[in-house]
Amino acid sequence: MRTSEEKMLAVEAWRTSGLSQNEYCKTLEVKRITFANWVSRNKRKKAAPNFVRVTHPPYTCLAALEFLILLKNNNSQ
């Protein structure tokens, strides 16, 4: 059984090897369908967005709220 990291490294090595999946699988002694699953999972992991949580200081939110209230008051006059 191979770890996720080993599978990922194997896929990356195949991409740079210039070999077909069939040829590469023979060198790894892995069934091609198994390797194809590794490639598919690797693509999904790369496609998944990496979100970064951004926090704003409280005064930013308060300033925005004050601006909206001011805007509303100016429009209602």
# chains A, B, ... in the order shown; residues from 1 in each chain; ligands from 1

call {"tool": "residues_around", "arguments": {"residues": "A:Met1", "least_positions_apart": "6", "cutoff": "12 Å", "atoms": "only C-alpha atoms", "output": "number ranges by chain"}}
result
A: 7, 30, 34

call {"tool": "closest_residue", "arguments": {"among": "A:Arg41, A:Leu70, A:Thr16, A:Val11", "to": "A:Leu28", "atoms": "only C-alpha atoms"}}
result
A:Val11

call {"tool": "atom_distance", "arguments": {"atom1": "atom CA of A:Ser4", "atom2": "atom CA of A:Gly18"}}
result
22.4 Å

call {"tool": "residues_around", "arguments": {"residues": "A:Ala36", "least_positions_apart": "5", "cutoff": "10 Å", "atoms": "only C-alpha atoms", "output": "MDAnalysis selection string"}}
result
chainID A and resid 11 21:22 25 31 41:42

call {"tool": "write_last_selection", "arguments": {"atoms": "all heavy atoms", "output": "PDB file, in the first residue's frame"}}
result
ATOM      1  N   VAL A  11       2.814  10.307  -9.712  1.00  0.00           N
ATOM      2  CA  VAL A  11       2.096  10.980 -10.799  1.00  0.00           C
ATOM      3  C   VAL A  11       2.941  12.120 -11.355  1.00  0.00           C
ATOM      4  O   VAL A  11       3.060  12.284 -12.578  1.00  0.00           O
ATOM      5  CB  VAL A  11       0.709  11.482 -10.327  1.00  0.00           C
ATOM      6  CG1 VAL A  11       0.068  12.384 -11.364  1.00  0.00           C
ATOM      7  CG2 VAL A  11      -0.204  10.302 -10.001  1.00  0.00           C
ATOM      8  N   GLN A  21       1.246   6.153 -19.882  1.00  0.00           N
ATOM      9  CA  GLN A  21       0.824   5.577 -18.591  1.00  0.00           C
ATOM     10  C   GLN A  21       1.126   4.085 -18.556  1.00  0.00           C
ATOM     11  O   GLN A  21       1.588   3.562 -17.529  1.00  0.00           O
ATOM     12  CB  GLN A  21      -0.666   5.818 -18.344  1.00  0.00           C
ATOM     13  CG  GLN A  21      -0.978   7.174 -17.793  1.00  0.00           C
ATOM     14  CD  GLN A  21      -2.408   7.278 -17.273  1.00  0.00           C
ATOM     15  OE1 GLN A  21      -3.070   6.278 -17.008  1.00  0.00           O
ATOM     16  NE2 GLN A  21      -2.870   8.507 -17.125  1.00  0.00           N
ATOM     17  N   ASN A  22       0.877   3.382 -19.672  1.00  0.00           N
ATOM     18  CA  ASN A  22       1.135   1.936 -19.701  1.00  0.00           C
ATOM     19  C   ASN A  22       2.600   1.626 -19.430  1.00  0.00           C
ATOM     20  O   ASN A  22       2.921   0.742 -18.631  1.00  0.00           O
ATOM     21  CB  ASN A  22       0.724   1.344 -21.058  1.00  0.00           C
ATOM     22  CG  ASN A  22      -0.777   1.225 -21.180  1.00  0.00           C
ATOM     23  OD1 ASN A  22      -1.489   1.092 -20.191  1.00  0.00           O
ATOM     24  ND2 ASN A  22      -1.270   1.270 -22.411  1.00  0.00           N
ATOM     25  N   CYS A  25       3.473   2.444 -15.779  1.00  0.00           N
ATOM     26  CA  CYS A  25       2.885   1.477 -14.841  1.00  0.00           C
ATOM     27  C   CYS A  25       3.696   0.187 -14.789  1.00  0.00           C
ATOM     28  O   CYS A  25       3.807  -0.436 -13.735  1.00  0.00           O
ATOM     29  CB  CYS A  25       1.442   1.175 -15.233  1.00  0.00           C
ATOM     30  SG  CYS A  25       0.358   2.580 -14.929  1.00  0.00           S
ATOM     31  N   LYS A  31      -1.088  -1.647 -11.700  1.00  0.00           N
ATOM     32  CA  LYS A  31      -2.094  -1.754 -12.761  1.00  0.00           C
ATOM     33  C   LYS A  31      -2.401  -0.365 -13.298  1.00  0.00           C
ATOM     34  O   LYS A  31      -2.445   0.611 -12.548  1.00  0.00           O
ATOM     35  CB  LYS A  31      -3.375  -2.391 -12.226  1.00  0.00           C
ATOM     36  CG  LYS A  31      -3.221  -3.835 -11.847  1.00  0.00           C
ATOM     37  CD  LYS A  31      -4.525  -4.407 -11.363  1.00  0.00           C
ATOM     38  CE  LYS A  31      -4.338  -5.857 -10.951  1.00  0.00           C
ATOM     39  NZ  LYS A  31      -5.586  -6.422 -10.410  1.00  0.00           N
ATOM     40  N   ARG A  41      -7.194  11.620  -9.022  1.00  0.00           N
ATOM     41  CA  ARG A  41      -7.221  12.238  -7.688  1.00  0.00           C
ATOM     42  C   ARG A  41      -6.246  13.415  -7.614  1.00  0.00           C
ATOM     43  O   ARG A  41      -6.529  14.437  -6.998  1.00  0.00           O
ATOM     44  CB  ARG A  41      -6.879  11.206  -6.623  1.00  0.00           C
ATOM     45  CG  ARG A  41      -7.991  10.234  -6.391  1.00  0.00           C
ATOM     46  CD  ARG A  41      -7.724   9.345  -5.190  1.00  0.00           C
ATOM     47  NE  ARG A  41      -8.708   8.288  -5.154  1.00  0.00           N
ATOM     48  CZ  ARG A  41      -8.442   6.994  -5.270  1.00  0.00           C
ATOM     49  NH1 ARG A  41      -7.189   6.594  -5.390  1.00  0.00           N
ATOM     50  NH2 ARG A  41      -9.394   6.098  -5.251  1.00  0.00           N
ATOM     51  N   ASN A  42      -5.096  13.251  -8.261  1.00  0.00           N
ATOM     52  CA  ASN A  42      -4.096  14.314  -8.277  1.00  0.00           C
ATOM     53  C   ASN A  42      -4.641  15.552  -8.976  1.00  0.00           C
ATOM     54  O   ASN A  42      -4.428  16.666  -8.524  1.00  0.00           O
ATOM     55  CB  ASN A  42      -2.824  13.806  -8.960  1.00  0.00           C
ATOM     56  CG  ASN A  42      -1.673  14.769  -8.841  1.00  0.00           C
ATOM     57  OD1 ASN A  42      -1.531  15.643  -9.682  1.00  0.00           O
ATOM     58  ND2 ASN A  42      -0.866  14.603  -7.815  1.00  0.00           N
TER      59      ASN A  42
END

call {"tool": "atom_distance", "arguments": {"atom1": "atom CA of A:Arg44", "atom2": "atom CA of A:Leu9"}}
result
14.9 Å

call {"tool": "residues_around", "arguments": {"residues": "A:Lys45", "least_positions_apart": "5", "cutoff": "12 Å", "atoms": "only C-alpha atoms", "output": "ChimeraX atom specification"}}
result
/A:4-5,8,38-40,50

call {"tool": "atom_distance", "arguments": {"atom1": "atom CA of A:Asn37", "atom2": "atom CA of A:Glu23"}}
result
16.0 Å

call {"tool": "closest_residue", "arguments": {"among": "A:Arg2, A:Asn74, A:Glu66, A:Lys26", "to": "A:Trp14", "atoms": "only C-alpha atoms"}}
result
A:Lys26
